[in-house]
file upload.pdb (PDB, C-alpha atoms and all ligand atoms)
ATOM      1  CA  MET F 293       4.280 -15.405   2.324  1.00  0.00           C
ATOM      2  CA  ARG F 294       3.459 -15.679  -1.364  1.00  0.00           C
ATOM      3  CA  TYR F 295       0.918 -13.266  -2.766  1.00  0.00           C
ATOM      4  CA  GLY F 296      -0.811 -13.653  -6.101  1.00  0.00           C
ATOM      5  CA  ILE F 297      -1.274 -10.271  -7.809  1.00  0.00           C
ATOM      6  CA  LEU F 298      -4.389  -9.769  -9.910  1.00  0.00           C
ATOM      7  CA  SER F 299      -5.229  -6.597 -11.800  1.00  0.00           C
ATOM      8  CA  ASP F 300      -7.600  -5.612 -14.597  1.00  0.00           C
ATOM      9  CA  ILE F 301      -9.513  -8.888 -14.732  1.00  0.00           C
ATOM     10  CA  HIS F 302     -12.238  -7.086 -16.715  1.00  0.00           C
ATOM     11  CA  GLY F 303     -14.933  -9.729 -16.549  1.00  0.00           C
ATOM     12  CA  ASN F 304     -12.762 -12.364 -18.228  1.00  0.00           C
ATOM     13  CA  LEU F 305     -13.570 -15.513 -16.231  1.00  0.00           C
ATOM     14  CA  GLU F 306     -11.508 -17.831 -18.461  1.00  0.00           C
ATOM     15  CA  ALA F 307      -8.379 -15.753 -17.869  1.00  0.00           C
ATOM     16  CA  LEU F 308      -9.125 -15.387 -14.142  1.00  0.00           C
ATOM     17  CA  GLU F 309      -9.534 -19.121 -13.584  1.00  0.00           C
ATOM     18  CA  ALA F 310      -6.328 -19.864 -15.515  1.00  0.00           C
ATOM     19  CA  VAL F 311      -4.224 -17.430 -13.456  1.00  0.00           C
ATOM     20  CA  LEU F 312      -5.726 -18.577 -10.139  1.00  0.00           C
ATOM     21  CA  GLU F 313      -4.813 -22.158 -10.968  1.00  0.00           C
ATOM     22  CA  ARG F 314      -1.265 -21.109 -11.851  1.00  0.00           C
ATOM     23  CA  LEU F 315      -0.840 -18.937  -8.739  1.00  0.00           C
ATOM     24  CA  GLU F 316      -2.173 -21.596  -6.430  1.00  0.00           C
ATOM     25  CA  ALA F 317       0.284 -24.095  -7.940  1.00  0.00           C
ATOM     26  CA  ALA F 318       3.047 -21.522  -7.342  1.00  0.00           C
ATOM     27  CA  GLY F 319       2.180 -21.445  -3.629  1.00  0.00           C
ATOM     28  CA  ALA F 320       0.133 -18.235  -3.347  1.00  0.00           C
ATOM     29  CA  SER F 321      -1.914 -18.146  -0.147  1.00  0.00           C
ATOM     30  CA  GLN F 322      -3.043 -14.492  -0.284  1.00  0.00           C
ATOM     31  CA  TYR F 323      -4.199 -12.458  -3.262  1.00  0.00           C
ATOM     32  CA  LEU F 324      -3.846  -8.744  -3.952  1.00  0.00           C
ATOM     33  CA  CYS F 325      -6.591  -7.519  -6.255  1.00  0.00           C
ATOM     34  CA  LEU F 326      -5.768  -4.163  -7.852  1.00  0.00           C
ATOM     35  CA  GLY F 327      -9.183  -3.379  -9.307  1.00  0.00           C
ATOM     36  CA  ASP F 328     -11.060  -3.333 -12.610  1.00  0.00           C
ATOM     37  CA  ILE F 329     -12.637  -6.679 -11.836  1.00  0.00           C
ATOM     38  CA  VAL F 330     -15.426  -5.750 -14.279  1.00  0.00           C
ATOM     39  CA  GLY F 331     -15.895  -3.904 -17.577  1.00  0.00           C
ATOM     40  CA  TYR F 332     -15.187  -5.105 -21.186  1.00  0.00           C
ATOM     41  CA  GLY F 333     -15.665  -8.853 -20.564  1.00  0.00           C
ATOM     42  CA  ALA F 334     -18.778 -11.016 -20.493  1.00  0.00           C
ATOM     43  CA  ASP F 335     -18.587 -12.415 -16.944  1.00  0.00           C
ATOM     44  CA  PRO F 336     -18.517  -9.429 -14.575  1.00  0.00           C
ATOM     45  CA  ASP F 337     -20.780 -10.973 -11.955  1.00  0.00           C
ATOM     46  CA  ALA F 338     -19.000 -14.350 -11.890  1.00  0.00           C
ATOM     47  CA  CYS F 339     -15.600 -12.608 -11.648  1.00  0.00           C
ATOM     48  CA  CYS F 340     -16.826 -10.536  -8.667  1.00  0.00           C
ATOM     49  CA  SER F 341     -18.119 -13.668  -6.934  1.00  0.00           C
ATOM     50  CA  ARG F 342     -14.771 -15.420  -7.458  1.00  0.00           C
ATOM     51  CA  VAL F 343     -12.601 -12.471  -6.331  1.00  0.00           C
ATOM     52  CA  ARG F 344     -14.843 -11.672  -3.354  1.00  0.00           C
ATOM     53  CA  LEU F 345     -13.956 -15.044  -1.779  1.00  0.00           C
ATOM     54  CA  LEU F 346     -10.187 -14.765  -2.269  1.00  0.00           C
ATOM     55  CA  PRO F 347      -8.205 -14.060   0.912  1.00  0.00           C
ATOM     56  CA  GLY F 348      -6.299 -10.752   0.855  1.00  0.00           C
ATOM     57  CA  PRO F 349      -6.746  -7.012   0.278  1.00  0.00           C
ATOM     58  CA  LYS F 350      -8.584  -5.544  -2.721  1.00  0.00           C
ATOM     59  CA  VAL F 351      -8.932  -2.016  -4.110  1.00  0.00           C
ATOM     60  CA  ILE F 352     -11.397  -0.429  -6.509  1.00  0.00           C
ATOM     61  CA  GLY F 353     -10.654   0.434 -10.158  1.00  0.00           C
ATOM     62  CA  ASN F 354     -12.205   3.070 -12.403  1.00  0.00           C
ATOM     63  CA  HIS F 355     -14.344   0.502 -14.267  1.00  0.00           C
ATOM     64  CA  ASP F 356     -15.637  -0.979 -10.993  1.00  0.00           C
ATOM     65  CA  LEU F 357     -16.576   2.500  -9.818  1.00  0.00           C
ATOM     66  CA  ALA F 358     -18.279   3.401 -13.107  1.00  0.00           C
ATOM     67  CA  ALA F 359     -20.225   0.108 -13.224  1.00  0.00           C
ATOM     68  CA  ILE F 360     -21.944   0.980  -9.938  1.00  0.00           C
ATOM     69  CA  GLY F 361     -22.625   4.577 -10.959  1.00  0.00           C
ATOM     70  CA  GLY F 362     -19.779   6.211  -9.029  1.00  0.00           C
ATOM     71  CA  LEU F 363     -17.915   7.642 -12.050  1.00  0.00           C
ATOM     72  CA  ASP F 364     -19.427   9.413 -15.069  1.00  0.00           C
ATOM     73  CA  LEU F 365     -19.288   7.388 -18.311  1.00  0.00           C
ATOM     74  CA  LYS F 366     -18.165  10.513 -20.190  1.00  0.00           C
ATOM     75  CA  TRP F 367     -14.632   9.672 -18.994  1.00  0.00           C
ATOM     76  CA  PHE F 368     -14.658   6.435 -21.018  1.00  0.00           C
ATOM     77  CA  HIS F 369     -14.342   5.799 -24.756  1.00  0.00           C
ATOM     78  CA  GLU F 370     -17.444   4.533 -26.542  1.00  0.00           C
ATOM     79  CA  MET F 371     -16.747   0.769 -26.404  1.00  0.00           C
ATOM     80  CA  ALA F 372     -15.891   0.971 -22.713  1.00  0.00           C
ATOM     81  CA  ALA F 373     -18.975   3.029 -21.895  1.00  0.00           C
ATOM     82  CA  GLU F 374     -21.216   0.608 -23.777  1.00  0.00           C
ATOM     83  CA  SER F 375     -19.775  -2.380 -21.925  1.00  0.00           C
ATOM     84  CA  LEU F 376     -20.094  -0.547 -18.592  1.00  0.00           C
ATOM     85  CA  ARG F 377     -23.803   0.137 -19.149  1.00  0.00           C
ATOM     86  CA  TRP F 378     -24.275  -3.574 -19.869  1.00  0.00           C
ATOM     87  CA  THR F 379     -22.048  -4.580 -16.913  1.00  0.00           C
ATOM     88  CA  GLY F 380     -24.010  -2.470 -14.436  1.00  0.00           C
ATOM     89  CA  ALA F 381     -27.155  -4.425 -15.298  1.00  0.00           C
ATOM     90  CA  GLN F 382     -25.443  -7.822 -14.818  1.00  0.00           C
ATOM     91  CA  LEU F 383     -24.259  -7.352 -11.240  1.00  0.00           C
ATOM     92  CA  ALA F 384     -26.127  -9.115  -8.437  1.00  0.00           C
ATOM     93  CA  PRO F 385     -26.910  -6.917  -5.414  1.00  0.00           C
ATOM     94  CA  ALA F 386     -24.278  -8.667  -3.268  1.00  0.00           C
ATOM     95  CA  ASN F 387     -21.592  -7.970  -5.878  1.00  0.00           C
ATOM     96  CA  ARG F 388     -22.654  -4.322  -6.307  1.00  0.00           C
ATOM     97  CA  GLN F 389     -22.301  -4.036  -2.550  1.00  0.00           C
ATOM     98  CA  PHE F 390     -18.894  -5.738  -2.685  1.00  0.00           C
ATOM     99  CA  LEU F 391     -17.653  -3.221  -5.280  1.00  0.00           C
ATOM    100  CA  ARG F 392     -19.143  -0.269  -3.391  1.00  0.00           C
ATOM    101  CA  GLU F 393     -17.213  -1.223  -0.249  1.00  0.00           C
ATOM    102  CA  LEU F 394     -13.799  -1.599  -1.920  1.00  0.00           C
ATOM    103  CA  PRO F 395     -11.272   0.990  -0.694  1.00  0.00           C
ATOM    104  CA  GLU F 396      -9.119   3.161  -2.978  1.00  0.00           C
ATOM    105  CA  ARG F 397      -5.910   2.146  -1.231  1.00  0.00           C
ATOM    106  CA  ALA F 398      -4.816  -0.908   0.743  1.00  0.00           C
ATOM    107  CA  GLY F 399      -1.694  -2.671   1.925  1.00  0.00           C
ATOM    108  CA  GLY F 400       0.311  -2.529   5.069  1.00  0.00           C
ATOM    109  CA  GLY F 401       3.475  -4.159   6.269  1.00  0.00           C
ATOM    110  CA  SER F 402       5.898  -4.114   3.373  1.00  0.00           C
ATOM    111  CA  PHE F 403       3.734  -2.912   0.489  1.00  0.00           C
ATOM    112  CA  GLU F 404       0.842  -0.745  -0.626  1.00  0.00           C
ATOM    113  CA  MET F 405      -1.535  -1.063  -3.577  1.00  0.00           C
ATOM    114  CA  VAL F 406      -3.708   1.181  -5.736  1.00  0.00           C
ATOM    115  CA  HIS F 407      -5.373   0.713  -9.110  1.00  0.00           C
ATOM    116  CA  GLY F 408      -3.940   3.803 -10.822  1.00  0.00           C
ATOM    117  CA  SER F 409      -1.147   5.690  -9.089  1.00  0.00           C
ATOM    118  CA  PRO F 410      -0.304   6.787  -5.541  1.00  0.00           C
ATOM    119  CA  GLN F 411      -1.201  10.382  -6.456  1.00  0.00           C
ATOM    120  CA  GLU F 412      -4.556   9.484  -8.086  1.00  0.00           C
ATOM    121  CA  PRO F 413      -5.459   6.029  -6.791  1.00  0.00           C
ATOM    122  CA  VAL F 414      -8.471   5.248  -8.996  1.00  0.00           C
ATOM    123  CA  THR F 415      -7.879   7.114 -12.261  1.00  0.00           C
ATOM    124  CA  GLY F 416      -4.192   8.108 -12.461  1.00  0.00           C
ATOM    125  CA  TYR F 417      -1.973   6.544 -15.148  1.00  0.00           C
ATOM    126  CA  LEU F 418       1.583   5.578 -14.322  1.00  0.00           C
ATOM    127  CA  VAL F 419       3.218   5.164 -17.707  1.00  0.00           C
ATOM    128  CA  ASP F 420       6.734   6.595 -17.900  1.00  0.00           C
ATOM    129  CA  GLU F 421       9.696   7.551 -15.764  1.00  0.00           C
ATOM    130  CA  TYR F 422       8.280  11.006 -15.185  1.00  0.00           C
ATOM    131  CA  ASP F 423       5.052   9.566 -13.701  1.00  0.00           C
ATOM    132  CA  ALA F 424       7.137   7.066 -11.746  1.00  0.00           C
ATOM    133  CA  ARG F 425       9.309   9.777 -10.214  1.00  0.00           C
ATOM    134  CA  VAL F 426       6.240  11.491  -8.742  1.00  0.00           C
ATOM    135  CA  ALA F 427       4.718   8.153  -7.666  1.00  0.00           C
ATOM    136  CA  LEU F 428       7.873   6.937  -5.948  1.00  0.00           C
ATOM    137  CA  GLU F 429       7.996  10.217  -4.016  1.00  0.00           C
ATOM    138  CA  MET F 430       4.377   9.911  -2.890  1.00  0.00           C
ATOM    139  CA  GLN F 431       4.089   6.266  -1.921  1.00  0.00           C
ATOM    140  CA  ALA F 432       4.215   5.486   1.788  1.00  0.00           C
ATOM    141  CA  GLU F 433       5.793   2.018   1.517  1.00  0.00           C
ATOM    142  CA  PRO F 434       8.989   0.936  -0.296  1.00  0.00           C
ATOM    143  CA  LEU F 435       6.968  -1.289  -2.638  1.00  0.00           C
ATOM    144  CA  CYS F 436       3.799  -0.167  -4.399  1.00  0.00           C
ATOM    145  CA  PHE F 437       1.719  -2.323  -6.748  1.00  0.00           C
ATOM    146  CA  VAL F 438      -0.367  -0.621  -9.439  1.00  0.00           C
ATOM    147  CA  GLY F 439      -2.461  -1.685 -12.441  1.00  0.00           C
ATOM    148  CA  HIS F 440      -4.618   0.301 -14.867  1.00  0.00           C
ATOM    149  CA  THR F 441      -2.251   0.507 -17.889  1.00  0.00           C
ATOM    150  CA  HIS F 442      -2.545  -3.248 -18.668  1.00  0.00           C
ATOM    151  CA  VAL F 443       1.202  -3.284 -19.421  1.00  0.00           C
ATOM    152  CA  PRO F 444       3.756  -4.928 -17.102  1.00  0.00           C
ATOM    153  CA  ALA F 445       6.370  -2.430 -15.916  1.00  0.00           C
ATOM    154  CA  ALA F 446       8.601  -1.719 -12.943  1.00  0.00           C
ATOM    155  CA  PHE F 447      10.296   1.462 -11.792  1.00  0.00           C
ATOM    156  CA  ALA F 448      12.793   1.975  -8.996  1.00  0.00           C
ATOM    157  CA  ARG F 449      14.850   4.635  -7.303  1.00  0.00           C
ATOM    158  CA  PRO F 450      17.500   4.431  -4.602  1.00  0.00           C
ATOM    159  CA  ALA F 451      16.038   5.446  -1.218  1.00  0.00           C
ATOM    160  CA  GLY F 452      16.818   9.119  -0.626  1.00  0.00           C
ATOM    161  CA  SER F 453      17.315   9.892  -4.333  1.00  0.00           C
ATOM    162  CA  LEU F 454      14.943  11.577  -6.795  1.00  0.00           C
ATOM    163  CA  ARG F 455      16.180   9.660  -9.833  1.00  0.00           C
ATOM    164  CA  ALA F 456      13.642   7.043 -10.925  1.00  0.00           C
ATOM    165  CA  ALA F 457      14.337   4.602 -13.739  1.00  0.00           C
ATOM    166  CA  ALA F 458      12.494   1.770 -15.458  1.00  0.00           C
ATOM    167  CA  VAL F 459      13.932  -1.612 -14.488  1.00  0.00           C
ATOM    168  CA  GLU F 460      13.740  -4.822 -16.468  1.00  0.00           C
ATOM    169  CA  PHE F 461      10.561  -6.742 -15.662  1.00  0.00           C
ATOM    170  CA  ARG F 462       9.820  -9.638 -17.956  1.00  0.00           C
ATOM    171  CA  SER F 463       8.103 -12.943 -17.343  1.00  0.00           C
ATOM    172  CA  GLY F 464      10.515 -15.611 -16.202  1.00  0.00           C
ATOM    173  CA  GLN F 465      12.913 -13.052 -14.701  1.00  0.00           C
ATOM    174  CA  PRO F 466      11.901 -12.282 -11.104  1.00  0.00           C
ATOM    175  CA  LEU F 467      12.628  -8.755  -9.910  1.00  0.00           C
ATOM    176  CA  ARG F 468      14.762  -8.775  -6.783  1.00  0.00           C
ATOM    177  CA  ILE F 469      13.574  -6.187  -4.250  1.00  0.00           C
ATOM    178  CA  ARG F 470      16.624  -4.464  -2.766  1.00  0.00           C
ATOM    179  CA  PRO F 471      16.148  -3.030   0.726  1.00  0.00           C
ATOM    180  CA  ASP F 472      17.837   0.263  -0.247  1.00  0.00           C
ATOM    181  CA  PHE F 473      15.477   0.945  -3.178  1.00  0.00           C
ATOM    182  CA  VAL F 474      11.863   2.070  -3.573  1.00  0.00           C
ATOM    183  CA  TYR F 475       9.778   0.235  -6.190  1.00  0.00           C
ATOM    184  CA  ASN F 476       6.624   0.667  -8.190  1.00  0.00           C
ATOM    185  CA  VAL F 477       5.478  -2.488  -9.972  1.00  0.00           C
ATOM    186  CA  ASN F 478       2.713  -3.285 -12.472  1.00  0.00           C
ATOM    187  CA  CYS F 479       2.263  -7.011 -13.152  1.00  0.00           C
ATOM    188  CA  GLY F 480      -0.028  -6.449 -16.156  1.00  0.00           C
ATOM    189  CA  SER F 481      -3.653  -7.349 -16.850  1.00  0.00           C
ATOM    190  CA  VAL F 482      -5.341 -10.686 -16.236  1.00  0.00           C
ATOM    191  CA  GLY F 483      -8.256 -10.215 -18.600  1.00  0.00           C
ATOM    192  CA  GLN F 484      -7.181  -7.749 -21.302  1.00  0.00           C
ATOM    193  CA  PRO F 485      -3.384  -7.603 -21.810  1.00  0.00           C
ATOM    194  CA  ARG F 486      -2.206  -4.679 -23.984  1.00  0.00           C
ATOM    195  CA  ASP F 487       1.469  -5.397 -24.487  1.00  0.00           C
ATOM    196  CA  GLY F 488       1.010  -7.497 -27.614  1.00  0.00           C
ATOM    197  CA  ASP F 489       1.052 -10.816 -25.724  1.00  0.00           C
ATOM    198  CA  PRO F 490      -2.485 -12.258 -25.527  1.00  0.00           C
ATOM    199  CA  ARG F 491      -1.682 -14.540 -22.592  1.00  0.00           C
ATOM    200  CA  ALA F 492      -3.140 -13.495 -19.234  1.00  0.00           C
ATOM    201  CA  ALA F 493      -0.711 -11.614 -16.989  1.00  0.00           C
ATOM    202  CA  CYS F 494      -0.469 -11.760 -13.193  1.00  0.00           C
ATOM    203  CA  GLY F 495       2.165 -11.437 -10.499  1.00  0.00           C
ATOM    204  CA  LEU F 496       3.713 -13.462  -7.715  1.00  0.00           C
ATOM    205  CA  TYR F 497       5.212 -11.555  -4.792  1.00  0.00           C
ATOM    206  CA  ASP F 498       7.313 -13.573  -2.360  1.00  0.00           C
ATOM    207  CA  SER F 499       7.768 -11.383   0.708  1.00  0.00           C
ATOM    208  CA  ASP F 500      10.285 -13.782   2.305  1.00  0.00           C
ATOM    209  CA  ASP F 501      12.556 -14.052  -0.754  1.00  0.00           C
ATOM    210  CA  GLY F 502      11.996 -10.385  -1.662  1.00  0.00           C
ATOM    211  CA  THR F 503      11.056 -11.082  -5.280  1.00  0.00           C
ATOM    212  CA  VAL F 504       8.237 -10.092  -7.623  1.00  0.00           C
ATOM    213  CA  GLU F 505       7.635 -12.082 -10.778  1.00  0.00           C
ATOM    214  CA  CYS F 506       5.377 -11.443 -13.764  1.00  0.00           C
ATOM    215  CA  LEU F 507       3.708 -14.650 -14.948  1.00  0.00           C
ATOM    216  CA  ARG F 508       2.088 -15.175 -18.357  1.00  0.00           C
ATOM    217  CA  VAL F 509      -0.624 -17.785 -18.518  1.00  0.00           C
ATOM    218  CA  PRO F 510      -2.324 -19.150 -21.655  1.00  0.00           C
ATOM    219  CA  TYR F 511      -6.101 -19.423 -21.440  1.00  0.00           C
ATOM    220  CA  ASP F 512      -9.094 -20.155 -23.666  1.00  0.00           C
ATOM    221  CA  VAL F 513      -9.236 -16.844 -25.555  1.00  0.00           C
ATOM    222  CA  GLY F 514     -11.781 -18.230 -28.051  1.00  0.00           C
ATOM    223  CA  ARG F 515     -14.272 -19.028 -25.321  1.00  0.00           C
ATOM    224  CA  ALA F 516     -13.957 -15.555 -23.754  1.00  0.00           C
ATOM    225  CA  GLN F 517     -14.421 -14.007 -27.224  1.00  0.00           C
ATOM    226  CA  ALA F 518     -17.499 -16.150 -27.971  1.00  0.00           C
ATOM    227  CA  LYS F 519     -19.135 -15.026 -24.724  1.00  0.00           C
ATOM    228  CA  ILE F 520     -18.487 -11.337 -25.538  1.00  0.00           C
ATOM    229  CA  ARG F 521     -20.122 -11.769 -28.966  1.00  0.00           C
ATOM    230  CA  ALA F 522     -23.026 -13.791 -27.542  1.00  0.00           C
ATOM    231  CA  ALA F 523     -23.694 -11.041 -24.985  1.00  0.00           C
ATOM    232  CA  GLY F 524     -24.030  -8.506 -27.812  1.00  0.00           C
ATOM    233  CA  LEU F 525     -21.033  -6.479 -26.604  1.00  0.00           C
ATOM    234  CA  PRO F 526     -18.919  -4.569 -29.204  1.00  0.00           C
ATOM    235  CA  SER F 527     -17.008  -7.117 -31.338  1.00  0.00           C
ATOM    236  CA  GLY F 528     -13.834  -5.039 -30.996  1.00  0.00           C
ATOM    237  CA  LEU F 529     -13.693  -6.141 -27.370  1.00  0.00           C
ATOM    238  CA  ALA F 530     -13.477  -9.769 -28.512  1.00  0.00           C
ATOM    239  CA  GLU F 531     -10.978  -9.081 -31.305  1.00  0.00           C
ATOM    240  CA  ARG F 532      -8.497  -7.249 -29.103  1.00  0.00           C
ATOM    241  CA  LEU F 533      -8.158 -10.258 -26.761  1.00  0.00           C
ATOM    242  CA  ALA F 534      -6.519 -12.301 -29.528  1.00  0.00           C
ATOM    243  CA  GLN F 535      -4.097  -9.480 -30.300  1.00  0.00           C
ATOM    244  CA  GLY F 536      -3.244  -8.589 -26.714  1.00  0.00           C
ATOM    245  CA  ARG F 537      -4.128  -4.961 -27.476  1.00  0.00           C
TER     246      ARG F 537
HETATM  247 ZN    ZN D 601      -8.378  -1.729 -16.678  1.00  0.00          ZN
END
call {"tool": "encode", "arguments": {"input": "upload.pdb", "output": "structure tokens", "more": "lines below"}}
Ligand code: ZN
result
Amino acid sequence: MRYGILSDIHGNLEALEAVLERLEAAGASQYLCLGDIVGYGADPDACCSRVRLLPGPKVIGNHDLAAIGGLDLKWFHEMAAESLRWTGAQLAPANRQFLRELPERAGGGSFEMVHGSPQEPVTGYLVDEYDARVALEMQAEPLCFVGHTHVPAAFARPAGSLRAAAVEFRSGQPLRIRPDFVYNVNCGSVGQPRDGDPRAACGLYDSDDGTVECLRVPYDVGRAQAKIRAAGLPSGLAERLAQGR
């Protein structure tokens, strides 16, 4: 089975449509959505409608939760809070309901998935090897997908060991999942990449081959930026898309 991995779409419909086209062409038949479907971008409702219909498990992110009033905006910086107030007003009742019903954790079989980290599924950040060591201890499955940082990364440790290390995870170089290792993988952000590469990021997990790949997909950044400006959202949210920051 080939799974498309989508995280941190952030209301960017242009980026979402580009990655879905690429993943479908790559043979994905199920999609794992790791949360933050909304927030920052100008198409939160359309992104919810699109993701809602995709086959496969989905979990909630901190922006999704805040947009429906489930997380205090004091936890967000000013630009994020402003976009979340606007986002909350854009969501159709069916999409509010969809977000409200998303679980914090999902998975089963060979993998599990959370937005943040296994220890704090909605709001925890998994950034460095120290975070990864704790996460790899806590996760129930040998492969855990996370999002939230908007930066592709992978960490691994041999089963039965406490030593976790970052492993190379770059687009075009699939990560081979070894049966004697435990992995934590972040395939990056669809709608607001922050690793300096403005192309949309997503993942492809092939459970038969035992590989996870990070894909980078060009999309119409200018159109997404124009919509953010037209909606009256902070212009910094448009500018950062071109920088991948
Ligand atoms: Zn996010």
call {"tool": "atom_distance", "arguments": {"input": "upload.pdb", "atom1": "CA of Ser527 in chain F", "atom2": "CA of Ser481 in chain F"}}
result
19.7 Å
call {"tool": "resolve_selection", "arguments": {"input": "upload.pdb", "expression": "the PyMOL selection byres (((chain F and resi 335) around 12) and not hetatm)", "output": "ChimeraX atom specification"}}
result
/F:301-309,329-334,336-342,375,378-384,483,515-520,522-523,525
call {"tool": "write_last_selection", "arguments": {"input": "upload.pdb", "atoms": "C-alpha atoms", "output": "compact mmCIF listing (two decimals), keeping the file's coordinate frame"}}
result
# COMPACT_ATOMS: atom_id res chain seq x y z
CA ILE F 301 -9.51 -8.89 -14.73
CA HIS F 302 -12.24 -7.09 -16.72
CA GLY F 303 -14.93 -9.73 -16.55
CA ASN F 304 -12.76 -12.36 -18.23
CA LEU F 305 -13.57 -15.51 -16.23
CA GLU F 306 -11.51 -17.83 -18.46
CA ALA F 307 -8.38 -15.75 -17.87
CA LEU F 308 -9.12 -15.39 -14.14
CA GLU F 309 -9.53 -19.12 -13.58
CA ILE F 329 -12.64 -6.68 -11.84
CA VAL F 330 -15.43 -5.75 -14.28
CA GLY F 331 -15.90 -3.90 -17.58
CA TYR F 332 -15.19 -5.11 -21.19
CA GLY F 333 -15.66 -8.85 -20.56
CA ALA F 334 -18.78 -11.02 -20.49
CA PRO F 336 -18.52 -9.43 -14.58
CA ASP F 337 -20.78 -10.97 -11.96
CA ALA F 338 -19.00 -14.35 -11.89
CA CYS F 339 -15.60 -12.61 -11.65
CA CYS F 340 -16.83 -10.54 -8.67
CA SER F 341 -18.12 -13.67 -6.93
CA ARG F 342 -14.77 -15.42 -7.46
CA SER F 375 -19.77 -2.38 -21.92
CA TRP F 378 -24.28 -3.57 -19.87
CA THR F 379 -22.05 -4.58 -16.91
CA GLY F 380 -24.01 -2.47 -14.44
CA ALA F 381 -27.16 -4.42 -15.30
CA GLN F 382 -25.44 -7.82 -14.82
CA LEU F 383 -24.26 -7.35 -11.24
CA ALA F 384 -26.13 -9.12 -8.44
CA GLY F 483 -8.26 -10.22 -18.60
CA ARG F 515 -14.27 -19.03 -25.32
CA ALA F 516 -13.96 -15.56 -23.75
CA GLN F 517 -14.42 -14.01 -27.22
CA ALA F 518 -17.50 -16.15 -27.97
CA LYS F 519 -19.14 -15.03 -24.72
CA ILE F 520 -18.49 -11.34 -25.54
CA ALA F 522 -23.03 -13.79 -27.54
CA ALA F 523 -23.69 -11.04 -24.98
CA LEU F 525 -21.03 -6.48 -26.60
call {"tool": "resolve_selection", "arguments": {"input": "upload.pdb", "expression": "the PyMOL selection byres (((chain F and resi 446) around 6) and not hetatm)", "output": "ChimeraX atom specification"}}
result
/F:445,447,458-459,476-477
call {"tool": "write_last_selection", "arguments": {"input": "upload.pdb", "atoms": "C-alpha atoms", "output": "JSON list (two decimals), keeping the file's coordinate frame"}}
result
[["chain", "number", "residue", "atom", "x", "y", "z"],
["F", 445, "ALA", "CA", 6.37, -2.43, -15.92],
["F", 447, "PHE", "CA", 10.30, 1.46, -11.79],
["F", 458, "ALA", "CA", 12.49, 1.77, -15.46],
["F", 459, "VAL", "CA", 13.93, -1.61, -14.49],
["F", 476, "ASN", "CA", 6.62, 0.67, -8.19],
["F", 477, "VAL", "CA", 5.48, -2.49, -9.97]]
call {"tool": "resolve_selection", "arguments": {"input": "upload.pdb", "expression": "the PyMOL selection byres (((chain F and resi 326) around 10) and not hetatm)", "output": "VMD selection string"}}
result
chain F and resid 297 to 301 323 to 325 327 to 329 349 to 353 396 to 398 405 to 408 414 437 to 440 478 481
call {"tool": "write_last_selection", "arguments": {"input": "upload.pdb", "atoms": "C-alpha atoms", "output": "short mmCIF file (atom, residue, chain, number, x, y, z; two decimals), in the frame of the given file"}}
result
data_model
loop_
_atom_site.label_atom_id
_atom_site.label_comp_id
_atom_site.auth_asym_id
_atom_site.auth_seq_id
_atom_site.Cartn_x
_atom_site.Cartn_y
_atom_site.Cartn_z
CA ILE F 297 -1.27 -10.27 -7.81
CA LEU F 298 -4.39 -9.77 -9.91
CA SER F 299 -5.23 -6.60 -11.80
CA ASP F 300 -7.60 -5.61 -14.60
CA ILE F 301 -9.51 -8.89 -14.73
CA TYR F 323 -4.20 -12.46 -3.26
CA LEU F 324 -3.85 -8.74 -3.95
CA CYS F 325 -6.59 -7.52 -6.26
CA GLY F 327 -9.18 -3.38 -9.31
CA ASP F 328 -11.06 -3.33 -12.61
CA ILE F 329 -12.64 -6.68 -11.84
CA PRO F 349 -6.75 -7.01 0.28
CA LYS F 350 -8.58 -5.54 -2.72
CA VAL F 351 -8.93 -2.02 -4.11
CA ILE F 352 -11.40 -0.43 -6.51
CA GLY F 353 -10.65 0.43 -10.16
CA GLU F 396 -9.12 3.16 -2.98
CA ARG F 397 -5.91 2.15 -1.23
CA ALA F 398 -4.82 -0.91 0.74
CA MET F 405 -1.54 -1.06 -3.58
CA VAL F 406 -3.71 1.18 -5.74
CA HIS F 407 -5.37 0.71 -9.11
CA GLY F 408 -3.94 3.80 -10.82
CA VAL F 414 -8.47 5.25 -9.00
CA PHE F 437 1.72 -2.32 -6.75
CA VAL F 438 -0.37 -0.62 -9.44
CA GLY F 439 -2.46 -1.68 -12.44
CA HIS F 440 -4.62 0.30 -14.87
CA ASN F 478 2.71 -3.28 -12.47
CA SER F 481 -3.65 -7.35 -16.85
#
call {"tool": "residues_around", "arguments": {"input": "upload.pdb", "residues": "Ala320 in chain F", "least_positions_apart": "4", "cutoff": "12 Å", "atoms": "all atoms listed in the file", "output": "NGL selection string"}}
result
:F and (293-298 or 311-316 or 324 or 346-348 or 494-499)
call {"tool": "closest_residue", "arguments": {"input": "upload.pdb", "among": "F:Ala386, F:Thr441, F:Ala432, F:Arg377", "to": "ligand ZN 601 (chain D)", "atoms": "all atoms listed in the file"}}
result
F:Thr441
call {"tool": "axis_aligned_box", "arguments": {"input": "upload.pdb", "around": "range 303-309 of chain F", "padding_each_side": "6 Å", "output": "JSON"}}
result
{"center_x": -11.7, "center_y": -14.4, "center_z": -16.0, "size_x": 18.6, "size_y": 21.4, "size_z": 16.9}
